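Enquirer: Structure in structure tokens, see below.
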Amino acid sequence: HMSRPLRLQFEGAFYHVMQRGNERKDIFISDQDRVRFYQYLAILHTRYKVNIHGYCLMNNHYHLIVETKNANLAKAMHSLNTSYTVYFNIKRKRAGHLFQGRYKAILVEADEYLHQLSRYIYLNPVRAGLVKEPGDYPYSSYQYFTSNTKAPDWLSLNFILSIFDKNVKKAKSLYKKFVLGGMGNETDVIRKNINFGFLLGNQDFIEDIKTRFIKGREDREIPVLKIAQNELNPNDIKERIIKKIGDNKLSRNICIYLIRKQTDLSLTDIALLFNHISDAGVSVLCRRVDNKRTKDKKLNQIITEIEKLLIIET
């Protein structure tokens with residue numbers, strides 16, 4: 001049983017949602033795949049009343065900026081991912097999971113950060129070296145925010161554009177300037193203002209969310225909250241390793257090693273979860289376990305078995 005991570009759902013919440021393909025394999029192969037995915041986004045909008053403020057489809061993952069009129073992110077995302085998986089599996093005559101674990105969702109303070117976040121998403125193909133300019137990438141909604149190309153009905157332009165100007169034409173040109181002007185340092189704002197790994201906002205916003213959802217949980221749980229949006233929960237990793245090996249130094253080392261390997265946590269986050277270890281210590285330890293694993297068959301077998309246990313059912 002996977003313990004469900006903390007999910008912050010409320011009416012009018014804005015999220016950056018990211019979902020990867022299983023083992024980072026491609027989830028969009030043909031244009032037909034993308035067209036089908038857009039059809040499911042339309043359903044997200046009509047059936048689940050989700051406003052979609054932006055998207056970027058990469059080959060092996062996708063980004064969405066969504067606003068939930070009803071507090072139903074989990075339901076809506078389940079529908080989107082399930083529908084698309086069924087389509088993809090039938091078309092490619094395959095079975096099983098298409099996506100890696102659960103999606104990641106970052107709760108966003110829209111007025112302050114939605115435009116920053118959209119810039120970050122649209123520059124993803126540029127960071128990946130696929131195009132020189134975000135406008136050259138056909139599989140994102142950037143084109144609709146910066147040109148006269150008619151946007152699909154399910155895409156909301158107004159919120160982000162209104163941050164720039166009341167006049168749509170003017171707003172589009174200012175928005176384009178904003179995105180292109182930020183090329184190369186678009187990740188800074190996001191990195192600096194992300195809290196606990198899943199809140200993007202300033203202090204008042206964070207305090208408000210904490211008061212509404214997180215108060216009453218002990219502070220020592222905060223590292224766990226940081227991980228709340230990771231595909232794997234370190235506590236699950238710990239439990240499974242202790243079951244397999246018992247509670248000793250070896251299990252602690254393997255635990256640190258696998259959390260580093262299997263989650264997006266930073267060295268600092270991992271160090272926080274374990275007493276008496278520094279960021280650098282985490283790094284050194286992981287390298288050591290990696291080396292040992294190649295030489296020690298028995299250890300390798302143990303780790304491989306635990307890794308199998310960690311494959312997550314979504």
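All residue names refer to the structure tokens as shown: chains lettered A, B, ... in order, residues numbered from 1 in each chain, ligands numbered from 1 in order.
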Taking 5 positions as the minimum chain separation for residues in the same chain, which residues sit within 10 Å of Asp204 of chain A when counting only C-alpha atoms? Answer as an MDAnalysis selection string.
Expert: chainID A and resid 109 209:210
Enquirer: Tell me, as a list in words, which residues lie within 7 Å of Phe28 of chain A, counting only C-alpha atoms; anything in the same chain fewer than 6 positions away does not count.
Expert: Arg34, Asn59 and Asn60 of chain A
Enquirer: Find the distance between atom CA of Phe164 of chain A and atom CA of Lys176 of chain A and write it in Å to one decimal.
Expert: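 Value for the atom CA of Phe164 of chain A-atom CA of Lys176 of chain A distance: 10.2 Å.
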Enquirer: Could you give me, as a PyMOL selection string, the residues within 9 Å of Ala74 of chain A, counting only C-alpha atoms and dropping anything in the same chain fewer than 3 positions from it?
Expert: chain A and resi 7+9+71+77-79
Enquirer: Could you save those same residues with C-alpha atoms as a tab-separated table (two decimals), in the first residue's frame?
Expert:
chain	number	residue	atom	x	y	z
A	7	ARG	CA	-2.45	16.83	-2.02
A	9	GLN	CA	-6.88	20.71	-3.51
A	71	ALA	CA	-11.25	21.07	-5.97
A	77	MET	CA	-5.54	14.15	-13.83
A	78	HIS	CA	-6.52	10.53	-13.30
A	79	SER	CA	-9.00	10.86	-16.15
Enquirer: Quick one: residues within 9 Å of Val126 of chain A, only C-alpha atoms, excluding same-chain residues fewer than 6 positions away - as a PDB file with C-alpha atoms, in the first residue's frame?
Expert:
ATOM      1  CA  LYS A 132      16.520  28.257 -30.748  1.00  0.00           C
ATOM      2  CA  GLU A 133      13.344  30.163 -29.892  1.00  0.00           C
ATOM      3  CA  PRO A 134      10.184  29.069 -28.071  1.00  0.00           C
ATOM      4  CA  TYR A 137       8.386  24.754 -31.067  1.00  0.00           C
ATOM      5  CA  MET A 183      15.914  33.242 -21.867  1.00  0.00           C
TER       6      MET A 183
END
Enquirer: Could you pull out all residues of segment 1-210 of chain A with a DSSP call of strand (DSSP E or B) and give them as JSON, numbers by chain?
Expert: {"A": [13, 14, 15, 16, 17, 18, 19, 20, 21, 50, 51, 52, 53, 54, 55, 56, 57, 61, 62, 63, 64, 65, 66, 67, 68, 99, 104, 105, 106, 107, 108, 140, 155, 194, 195, 199, 200]}
Enquirer: Restricted to N, CA, C and O atoms, what would the selected residues look like written as a short mmCIF file (atom, residue, chain, number, x, y, z; two decimals), in the first residue's frame?
Expert:
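This went into out-v8.cif:
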data_model
loop_
_atom_site.label_atom_id
_atom_site.label_comp_id
_atom_site.auth_asym_id
_atom_site.auth_seq_id
_atom_site.Cartn_x
_atom_site.Cartn_y
_atom_site.Cartn_z
N ALA A 13 -7.70 26.77 -7.27
CA ALA A 13 -6.25 26.58 -7.12
C ALA A 13 -5.58 26.52 -8.50
O ALA A 13 -6.17 26.01 -9.45
N PHE A 14 -4.37 27.05 -8.58
CA PHE A 14 -3.58 26.98 -9.82
C PHE A 14 -2.40 26.03 -9.60
O PHE A 14 -1.76 26.07 -8.55
N TYR A 15 -2.11 25.21 -10.61
CA TYR A 15 -1.00 24.26 -10.48
C TYR A 15 -0.13 24.23 -11.73
O TYR A 15 -0.60 24.42 -12.84
N HIS A 16 1.13 23.91 -11.49
CA HIS A 16 2.02 23.47 -12.57
C HIS A 16 2.06 21.95 -12.44
O HIS A 16 2.52 21.43 -11.43
N VAL A 17 1.58 21.27 -13.46
CA VAL A 17 1.55 19.80 -13.42
C VAL A 17 2.59 19.26 -14.39
O VAL A 17 2.69 19.73 -15.52
N MET A 18 3.37 18.29 -13.93
CA MET A 18 4.37 17.69 -14.79
C MET A 18 4.25 16.18 -14.68
O MET A 18 4.11 15.64 -13.58
N GLN A 19 4.29 15.50 -15.82
CA GLN A 19 4.18 14.05 -15.82
C GLN A 19 5.20 13.47 -16.80
O GLN A 19 5.26 13.90 -17.94
N ARG A 20 5.96 12.50 -16.32
CA ARG A 20 6.97 11.86 -17.18
C ARG A 20 6.50 10.51 -17.69
O ARG A 20 5.70 9.84 -17.05
N GLY A 21 7.09 10.10 -18.79
CA GLY A 21 6.87 8.75 -19.28
C GLY A 21 7.61 7.76 -18.38
O GLY A 21 8.64 8.09 -17.79
N VAL A 50 -11.84 22.40 -15.66
CA VAL A 50 -10.46 22.80 -15.41
C VAL A 50 -10.07 23.84 -16.46
O VAL A 50 -10.26 23.60 -17.65
N ASN A 51 -9.57 24.98 -16.01
CA ASN A 51 -9.06 25.97 -16.98
C ASN A 51 -7.60 25.66 -17.28
O ASN A 51 -6.80 25.50 -16.35
N ILE A 52 -7.27 25.61 -18.56
CA ILE A 52 -5.90 25.29 -18.95
C ILE A 52 -5.25 26.58 -19.43
O ILE A 52 -5.69 27.21 -20.39
N HIS A 53 -4.20 27.00 -18.70
CA HIS A 53 -3.55 28.28 -18.98
C HIS A 53 -2.24 28.11 -19.75
O HIS A 53 -1.52 29.08 -19.95
N GLY A 54 -1.93 26.89 -20.12
CA GLY A 54 -0.71 26.68 -20.88
C GLY A 54 -0.33 25.22 -20.89
O GLY A 54 -0.71 24.46 -19.99
N TYR A 55 0.43 24.82 -21.94
CA TYR A 55 0.92 23.44 -22.00
C TYR A 55 2.20 23.42 -22.82
O TYR A 55 2.46 24.32 -23.63
N CYS A 56 2.99 22.40 -22.58
CA CYS A 56 4.15 22.14 -23.43
C CYS A 56 4.34 20.62 -23.45
O CYS A 56 4.54 20.01 -22.40
N LEU A 57 4.23 20.03 -24.63
CA LEU A 57 4.40 18.58 -24.75
C LEU A 57 5.81 18.29 -25.25
O LEU A 57 6.16 18.64 -26.37
N HIS A 61 7.70 13.75 -21.70
CA HIS A 61 6.94 14.28 -20.56
C HIS A 61 6.11 15.47 -21.02
O HIS A 61 6.28 15.95 -22.14
N TYR A 62 5.20 15.88 -20.16
CA TYR A 62 4.43 17.07 -20.51
C TYR A 62 4.30 18.01 -19.32
O TYR A 62 4.42 17.59 -18.17
N HIS A 63 4.08 19.28 -19.62
CA HIS A 63 3.82 20.31 -18.60
C HIS A 63 2.46 20.90 -18.86
O HIS A 63 2.12 21.19 -20.02
N LEU A 64 1.70 21.15 -17.80
CA LEU A 64 0.43 21.86 -17.93
C LEU A 64 0.37 22.95 -16.86
O LEU A 64 0.91 22.77 -15.76
N ILE A 65 -0.31 24.04 -17.18
CA ILE A 65 -0.66 25.01 -16.14
C ILE A 65 -2.17 24.97 -16.05
O ILE A 65 -2.87 25.28 -17.03
N VAL A 66 -2.69 24.55 -14.91
CA VAL A 66 -4.14 24.38 -14.79
C VAL A 66 -4.70 25.09 -13.57
O VAL A 66 -3.98 25.34 -12.59
N GLU A 67 -5.97 25.40 -13.67
CA GLU A 67 -6.69 26.03 -12.56
C GLU A 67 -7.94 25.18 -12.33
O GLU A 67 -8.67 24.90 -13.28
N THR A 68 -8.14 24.75 -11.10
CA THR A 68 -9.30 23.89 -10.82
C THR A 68 -10.41 24.74 -10.21
O THR A 68 -10.30 25.19 -9.08
N PHE A 99 2.92 6.08 -17.85
CA PHE A 99 3.52 7.18 -17.09
C PHE A 99 4.28 6.68 -15.87
O PHE A 99 3.97 5.63 -15.32
N LYS A 104 3.56 15.20 -10.87
CA LYS A 104 4.01 16.17 -9.87
C LYS A 104 3.16 17.41 -10.01
O LYS A 104 2.92 17.86 -11.13
N ALA A 105 2.69 17.96 -8.92
CA ALA A 105 1.90 19.18 -9.00
C ALA A 105 2.47 20.21 -8.03
O ALA A 105 2.67 19.93 -6.86
N ILE A 106 2.74 21.39 -8.56
CA ILE A 106 3.21 22.49 -7.72
C ILE A 106 2.07 23.50 -7.65
O ILE A 106 1.52 23.90 -8.66
N LEU A 107 1.73 23.88 -6.44
CA LEU A 107 0.66 24.85 -6.23
C LEU A 107 1.25 26.25 -6.43
O LEU A 107 2.28 26.56 -5.86
N VAL A 108 0.57 27.06 -7.25
CA VAL A 108 1.16 28.34 -7.65
C VAL A 108 0.32 29.52 -7.19
O VAL A 108 -0.91 29.51 -7.30
N SER A 140 3.66 23.56 -28.06
CA SER A 140 3.34 24.27 -26.82
C SER A 140 2.32 25.35 -27.15
O SER A 140 2.11 25.67 -28.32
N LEU A 155 -8.32 26.50 -24.23
CA LEU A 155 -7.15 27.19 -23.69
C LEU A 155 -7.52 28.59 -23.21
O LEU A 155 -8.16 29.34 -23.93
N ILE A 194 10.44 28.34 -4.81
CA ILE A 194 9.74 27.08 -4.53
C ILE A 194 9.95 26.75 -3.06
O ILE A 194 11.06 26.82 -2.55
N ASN A 195 8.86 26.42 -2.37
CA ASN A 195 8.95 26.09 -0.96
C ASN A 195 8.44 24.67 -0.74
O ASN A 195 7.42 24.30 -1.30
N LEU A 199 5.30 24.40 -3.43
CA LEU A 199 4.55 25.65 -3.35
C LEU A 199 5.37 26.73 -4.03
O LEU A 199 6.53 26.95 -3.68
N LEU A 200 4.78 27.40 -5.01
CA LEU A 200 5.46 28.50 -5.67
C LEU A 200 4.70 29.77 -5.35
O LEU A 200 3.61 30.00 -5.86
#
Enquirer: Kindly indicate which residue among A:Asn248, A:Gln100, A:Asn81, A:Thr294 lies nearest to Asp26 of chain A, using only C-alpha atoms for the distances.
Expert: A:Gln100
Enquirer: Ranking A:Ile121, A:Leu161, A:Tyr139, A:Arg240 by minimum distance to Thr187 of chain A and counting only C-alpha atoms, which one comes first?
Expert: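 For Thr187 of chain A, the nearest of the given residues is A:Ile121.
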Enquirer: Would you mind listing what lies within 10 Å of Tyr257 of chain A as a list in words, with only C-alpha atoms counted and same-chain residues fewer than 4 positions away left out?
Expert: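 Counting only the stated atoms, we get Ser251, Arg252, Asn253, Lys261, Gln262, Ile270, Val282, Ser283, Val284, Leu285, Cys286, Arg287, Arg288, Val289, Asp290 and Ile303 of chain A.
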Enquirer: Please write the residues from the selection above to a file, keeping N, CA and C atoms, as a PDB file, in the first residue's frame.
Expert:
ATOM      1  N   SER A 251      21.147  -0.717   5.712  1.00  0.00           N
ATOM      2  CA  SER A 251      19.843  -0.314   5.192  1.00  0.00           C
ATOM      3  C   SER A 251      19.758   1.209   5.105  1.00  0.00           C
ATOM      4  N   ARG A 252      20.403   1.898   6.035  1.00  0.00           N
ATOM      5  CA  ARG A 252      20.404   3.359   5.981  1.00  0.00           C
ATOM      6  C   ARG A 252      21.121   3.853   4.722  1.00  0.00           C
ATOM      7  N   ASN A 253      22.280   3.228   4.442  1.00  0.00           N
ATOM      8  CA  ASN A 253      23.052   3.624   3.269  1.00  0.00           C
ATOM      9  C   ASN A 253      22.290   3.367   1.970  1.00  0.00           C
ATOM     10  N   LYS A 261      18.492   8.269  -5.952  1.00  0.00           N
ATOM     11  CA  LYS A 261      18.311   7.753  -7.314  1.00  0.00           C
ATOM     12  C   LYS A 261      16.869   7.870  -7.814  1.00  0.00           C
ATOM     13  N   GLN A 262      15.931   7.649  -6.916  1.00  0.00           N
ATOM     14  CA  GLN A 262      14.543   7.464  -7.350  1.00  0.00           C
ATOM     15  C   GLN A 262      13.650   8.691  -7.165  1.00  0.00           C
ATOM     16  N   ILE A 270      17.719  15.554   1.218  1.00  0.00           N
ATOM     17  CA  ILE A 270      18.008  14.191   1.689  1.00  0.00           C
ATOM     18  C   ILE A 270      18.765  14.254   3.010  1.00  0.00           C
ATOM     19  N   VAL A 282      26.051  12.903   1.571  1.00  0.00           N
ATOM     20  CA  VAL A 282      25.062  12.150   0.782  1.00  0.00           C
ATOM     21  C   VAL A 282      25.666  11.788  -0.568  1.00  0.00           C
ATOM     22  N   SER A 283      26.314  12.776  -1.168  1.00  0.00           N
ATOM     23  CA  SER A 283      26.895  12.596  -2.490  1.00  0.00           C
ATOM     24  C   SER A 283      27.973  11.512  -2.488  1.00  0.00           C
ATOM     25  N   VAL A 284      28.880  11.599  -1.515  1.00  0.00           N
ATOM     26  CA  VAL A 284      29.977  10.626  -1.395  1.00  0.00           C
ATOM     27  C   VAL A 284      29.417   9.222  -1.161  1.00  0.00           C
ATOM     28  N   LEU A 285      28.447   9.138  -0.247  1.00  0.00           N
ATOM     29  CA  LEU A 285      27.854   7.847   0.093  1.00  0.00           C
ATOM     30  C   LEU A 285      27.219   7.184  -1.139  1.00  0.00           C
ATOM     31  N   CYS A 286      26.533   7.984  -1.935  1.00  0.00           N
ATOM     32  CA  CYS A 286      25.856   7.425  -3.117  1.00  0.00           C
ATOM     33  C   CYS A 286      26.859   6.887  -4.121  1.00  0.00           C
ATOM     34  N   ARG A 287      27.950   7.622  -4.286  1.00  0.00           N
ATOM     35  CA  ARG A 287      29.001   7.139  -5.195  1.00  0.00           C
ATOM     36  C   ARG A 287      29.590   5.833  -4.677  1.00  0.00           C
ATOM     37  N   ARG A 288      29.784   5.773  -3.355  1.00  0.00           N
ATOM     38  CA  ARG A 288      30.382   4.588  -2.743  1.00  0.00           C
ATOM     39  C   ARG A 288      29.484   3.355  -2.948  1.00  0.00           C
ATOM     40  N   VAL A 289      28.177   3.549  -2.713  1.00  0.00           N
ATOM     41  CA  VAL A 289      27.243   2.425  -2.878  1.00  0.00           C
ATOM     42  C   VAL A 289      27.225   1.983  -4.346  1.00  0.00           C
ATOM     43  N   ASP A 290      27.260   2.960  -5.244  1.00  0.00           N
ATOM     44  CA  ASP A 290      27.275   2.647  -6.673  1.00  0.00           C
ATOM     45  C   ASP A 290      28.481   1.784  -7.048  1.00  0.00           C
ATOM     46  N   ILE A 303      19.891  -4.709  -3.733  1.00  0.00           N
ATOM     47  CA  ILE A 303      19.408  -3.406  -4.193  1.00  0.00           C
ATOM     48  C   ILE A 303      18.437  -3.574  -5.362  1.00  0.00           C
TER      49      ILE A 303
END
Enquirer: Using only C-alpha atoms, which of the listed residues (A:His45, A:Leu117, A:Thr149, A:Phe37) sits closest to Val86 of chain A?
Expert: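 Answer, going by the shortest atom-to-atom distance: A:Phe37.
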Enquirer: Compare A:Arg24, A:Pro138, A:Glu239, A:Arg260 by their minimum atom-to-atom distance to Pro125 of chain A, counting only C-alpha atoms, and give me the closest one.
Expert: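 Among the listed residues, the smallest separation from Pro125 of chain A belongs to A:Pro138.
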Enquirer: Please compute the atom CA of Glu11 of chain A-atom CA of Lys49 of chain A distance, one decimal, in Å.
Expert: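 Computing it gives 10.8 Å between the two atoms.
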